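upload-v3.txt, holding compact mmCIF, C-alpha atoms:
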```txt
# COMPACT_ATOMS: atom_id res chain seq x y z
CA MET B 180 95.97 72.99 120.78
CA THR B 181 98.26 75.95 120.03
CA GLU B 182 96.93 79.38 120.91
CA LEU B 183 96.94 81.76 117.93
CA THR B 184 97.42 85.04 119.77
CA THR B 185 99.67 86.30 122.52
CA THR B 186 99.80 89.40 124.68
CA GLU B 187 103.58 89.16 125.01
CA PRO B 188 105.84 90.67 122.34
CA THR B 189 106.97 87.98 119.93
CA ARG B 190 110.65 87.55 119.22
CA ALA B 191 110.72 84.56 116.88
CA GLY B 192 110.24 86.60 113.70
CA ASP B 193 108.75 83.69 111.76
CA ALA B 194 106.19 84.13 108.96
CA ARG B 195 103.24 83.61 111.34
CA ASP B 196 104.50 86.35 113.66
CA ARG B 197 104.96 88.76 110.74
CA TRP B 198 101.44 88.00 109.55
CA LEU B 199 99.98 88.62 113.02
CA ASP B 200 101.99 91.85 113.31
CA ARG B 201 100.55 93.04 109.99
CA VAL B 202 96.99 92.28 111.10
CA GLU B 203 97.52 94.11 114.40
CA ILE B 204 99.12 97.14 112.69
CA ASP B 205 96.28 97.29 110.14
CA ALA B 206 93.81 97.23 113.05
CA LEU B 207 95.73 100.08 114.71
CA ARG B 208 95.50 102.20 111.56
CA ALA B 209 91.77 101.49 111.18
CA GLU B 210 91.21 102.35 114.85
CA PHE B 211 92.86 105.76 114.29
CA THR B 212 90.49 106.65 111.43
CA ASP B 213 87.49 105.42 113.40
CA ALA B 214 88.47 107.52 116.43
CA VAL B 215 88.89 110.62 114.23
CA MET B 216 85.51 110.12 112.59
CA VAL B 217 83.59 109.74 115.87
CA HIS B 218 85.63 112.37 117.75
CA ASP B 219 86.90 109.90 120.34
CA PHE B 220 90.04 111.86 121.15
CA ASP B 221 90.95 109.87 124.26
CA ARG B 222 90.92 106.63 122.25
CA LEU B 223 92.88 108.26 119.44
CA ALA B 224 95.58 109.48 121.85
CA SER B 225 95.80 106.01 123.43
CA LEU B 226 96.97 104.62 120.08
CA PHE B 227 100.36 106.35 120.51
CA THR B 228 103.40 105.49 122.58
CA PRO B 229 103.89 107.90 125.51
CA ASP B 230 106.50 109.82 123.49
CA GLY B 231 104.63 109.40 120.18
CA ALA B 232 104.43 112.24 117.70
CA VAL B 233 102.19 113.57 114.94
CA ARG B 234 103.92 115.86 112.49
CA MET B 235 102.15 117.75 109.70
CA PRO B 236 104.81 119.86 107.96
CA ASP B 237 102.38 121.13 105.29
CA VAL B 238 99.84 122.45 107.85
CA PRO B 239 102.23 123.25 109.79
CA ALA B 240 101.47 121.44 113.04
CA GLU B 241 103.22 119.09 115.42
CA ALA B 242 102.29 117.36 118.66
CA VAL B 243 104.60 115.19 120.77
CA GLY B 244 103.31 113.06 123.65
CA VAL B 245 99.88 111.56 124.27
CA ASP B 246 98.41 114.62 126.02
CA ALA B 247 99.63 117.03 123.33
CA ILE B 248 98.30 114.76 120.57
CA ARG B 249 94.89 114.59 122.22
CA ARG B 250 94.64 118.37 122.68
CA SER B 251 95.89 119.06 119.15
CA VAL B 252 93.48 116.67 117.45
CA GLU B 253 90.52 117.95 119.45
CA ARG B 254 91.43 121.58 118.61
CA MET B 255 91.91 120.80 114.91
CA GLN B 256 88.68 118.78 114.65
CA GLY B 257 86.81 121.62 116.38
CA MET B 258 87.61 123.86 113.40
CA TRP B 259 85.45 121.77 111.06
CA GLU B 260 81.71 122.00 110.35
CA PHE B 261 82.18 118.48 109.04
CA PHE B 262 85.18 116.31 108.26
CA VAL B 263 85.40 112.93 106.53
CA GLN B 264 88.55 110.80 106.43
CA VAL B 265 88.90 107.57 104.46
CA SER B 266 92.11 105.59 104.88
CA THR B 267 93.67 102.79 102.89
CA PRO B 268 96.45 100.73 104.45
CA GLY B 269 99.75 100.69 102.63
CA ALA B 270 102.96 98.79 103.19
CA VAL B 271 104.21 97.55 106.55
CA VAL B 272 107.96 96.95 106.78
CA PRO B 273 109.32 95.15 109.84
CA ASP B 274 112.54 96.57 111.26
CA PRO B 275 115.18 93.90 110.51
CA ASP B 276 117.11 94.83 113.67
CA ASP B 277 114.19 95.16 116.10
CA PRO B 278 111.22 92.74 116.12
CA ASP B 279 109.19 95.27 118.12
CA ALA B 280 109.47 98.05 115.53
CA ALA B 281 108.11 98.56 112.03
CA SER B 282 107.38 101.34 109.57
CA GLY B 283 104.65 101.81 107.00
CA ARG B 284 102.28 104.08 105.13
CA THR B 285 98.58 104.90 105.26
CA PHE B 286 96.92 106.62 102.29
CA LEU B 287 94.18 109.17 103.02
CA ARG B 288 91.34 110.91 101.26
CA GLU B 289 89.82 113.73 103.32
CA LEU B 290 87.19 116.35 102.75
CA GLY B 291 85.36 118.81 104.87
CA ARG B 292 84.09 122.31 105.40
CA LEU B 293 85.66 124.56 108.00
CA ARG B 294 83.45 126.63 110.31
CA ASP B 295 84.53 129.76 108.40
CA GLY B 296 82.75 128.33 105.33
CA THR B 297 85.84 127.36 103.33
CA SER B 298 86.10 123.87 101.91
CA HIS B 299 89.01 121.47 101.77
CA ALA B 300 89.58 118.17 99.98
CA ASN B 301 92.90 116.36 99.82
CA HIS B 302 94.83 113.19 99.26
CA GLY B 303 97.71 112.47 101.62
CA ILE B 304 99.99 109.89 103.13
CA TYR B 305 100.86 109.14 106.73
CA HIS B 306 104.45 107.91 106.94
CA ASP B 307 104.32 105.82 110.11
CA ARG B 308 106.67 104.29 112.65
CA TYR B 309 105.13 101.60 114.86
CA ARG B 310 106.30 100.21 118.20
CA ARG B 311 105.08 97.04 119.91
CA THR B 312 104.22 97.73 123.57
CA SER B 313 102.74 95.62 126.35
CA ASP B 314 99.35 96.98 125.13
CA GLY B 315 100.00 95.96 121.51
CA TRP B 316 101.25 97.92 118.52
CA ARG B 317 101.16 101.71 118.85
CA PHE B 318 102.16 104.66 116.70
CA ALA B 319 105.60 106.00 117.57
CA GLU B 320 105.29 108.66 114.88
CA ARG B 321 102.94 109.74 112.09
CA VAL B 322 104.22 112.25 109.55
CA TYR B 323 101.48 113.59 107.28
CA GLU B 324 102.37 114.44 103.69
CA LEU B 325 99.84 116.25 101.52
CA ARG B 326 99.86 115.06 97.90
CA TYR B 327 96.90 117.00 96.51
CA VAL B 328 94.74 119.81 97.89
CA ASP B 329 91.53 121.28 96.46
CA ASP B 330 89.97 124.33 98.12
CA THR B 331 87.05 124.54 95.68
CA PRO B 332 83.79 125.06 97.58
CA LEU B 333 82.09 121.73 98.19
CA PRO B 334 78.66 121.66 96.50
CA GLY B 335 77.11 119.17 98.93
CA ARG B 336 75.44 119.61 102.28
CA THR B 337 75.66 117.88 105.65
CA THR B 338 71.95 117.07 105.95
CA ILE B 339 69.55 115.18 103.74
CA ALA B 340 66.51 117.20 102.72
CA PRO B 341 63.15 115.71 103.79
```
Turn this file's structure into structure tokens for me.
Amino acid sequence: MTELTTTEPTRAGDARDRWLDRVEIDALRAEFTDAVMVHDFDRLASLFTPDGAVRMPDVPAEAVGVDAIRRSVERMQGMWEFFVQVSTPGAVVPDPDDPDAASGRTFLRELGRLRDGTSHANHGIYHDRYRRTSDGWRFAERVYELRYVDDTPLPGRTTIAP
């Protein structure tokens, strides 16, 4: 019987390999959102290559390297009373010259209230570069592009009344 998964980088580039790559990259993107939502900053940082980068030109903010990414995300998440991120996977495009590289997009809807009482809701896109490592696919770079921002005070609350 043929084994369906491998821990070694694949080089064949056949349709099955591309399908498995897509599944693994989609899992990586979902893992990122999950780690953000539960404040697991160590796990989030582990999803990047050692020289990985997060760039947010509209914020502006940038972090390069696993340690810097972890510190930056923890600091930014600490500014929120609450924060909700919902992601939708977009395209994944294999690099035609490198079977261990790909690019893609992740679409985001976020909302939250900062500790200073201001609210924020947005739609954005992560423009991603992925790299296959011995630990699986990782983010080499995420560049965040804001598409829509609404600073109208959120009418909801974080607790459900009894």
Task: Of the listed residues B:Val245, B:Ile304, B:Ala240, B:Val271, that which approaches Thr228 in chain B most closely, counting all atoms listed in the file - done: B:Val245
- [ ] Have a look at B:Ala280, B:Leu287, B:Ala300, B:Ile339 and name the one nearest to Asp200 in chain B; count all atoms listed in the file.
- [x] B:Ala280
Open item on the list: Let me make sure I understand: among B:Met258, B:Ala242, B:Val265, B:Ala319, which one has the smallest atom-to-atom distance to Asp295 in chain B if we use all atoms listed in the file?
Closed with: B:Met258
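The coordinates place CA of Leu207 in chain B at 24.3 Å from CA of Trp259 in chain B.
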TODO: Find the residues near Phe318 in chain B: any atom within 8 Å, counting all atoms listed in the file, skip ones fewer than 5 places away on the same chain, and give them as JSON, numbers by chain.
DONE: {"B": [226, 227, 228, 231, 232, 307, 308, 309, 310]}
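The space between CA of Asp277 in chain B and CA of Asp193 in chain B spans 13.4 Å.
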Task: Selection: 10 Å around Met216 in chain B, all atoms listed in the file, excl. self and same-chain fewer than 5 positions, as number ranges by chain - done: B: 210-211, 256, 261-265
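Put simply, CA of Arg234 in chain B is 23.3 Å away from CA of Thr297 in chain B.
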Task: Spatial neighbours of Val272 in chain B, 10 Å, only C-alpha atoms, chain gap at least 2 places, as an MDAnalysis selection string - done: chainID B and resid 197 201 269:270 274:275 280:284 308:309
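Distance annotation: of B:Arg222, B:Tyr323, B:Pro332, B:Arg317, the residue with the minimal separation from Pro239 in chain B is B:Tyr323; atom set is only C-alpha atoms.
Counting only C-alpha atoms, the residue from B:Val243, B:Leu199, B:Val233, B:Met255 that sits nearest to His218 in chain B is B:Met255.
Across B:Gly296, B:Gly303, B:Pro236, B:Gly291, the tightest approach to Thr267 in chain B is made by B:Gly303 when counting all atoms listed in the file.
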Open item on the list: Residues near Tyr327 in chain B, anyone? I mean within 12 Å using all atoms listed in the file, not counting same-chain ones fewer than 3 positions away, as a VMD selection string.
Closed with: chain B and resid 237 286 to 290 299 to 304 324 330
Generate the output file for the selected residues, C-alpha atoms, as a compact mmCIF listing (two decimals), in the frame of the given file.
```
# COMPACT_ATOMS: atom_id res chain seq x y z
CA ASP B 237 102.38 121.13 105.29
CA PHE B 286 96.92 106.62 102.29
CA LEU B 287 94.18 109.17 103.02
CA ARG B 288 91.34 110.91 101.26
CA GLU B 289 89.82 113.73 103.32
CA LEU B 290 87.19 116.35 102.75
CA HIS B 299 89.01 121.47 101.77
CA ALA B 300 89.58 118.17 99.98
CA ASN B 301 92.90 116.36 99.82
CA HIS B 302 94.83 113.19 99.26
CA GLY B 303 97.71 112.47 101.62
CA ILE B 304 99.99 109.89 103.13
CA GLU B 324 102.37 114.44 103.69
CA ASP B 330 89.97 124.33 98.12
```
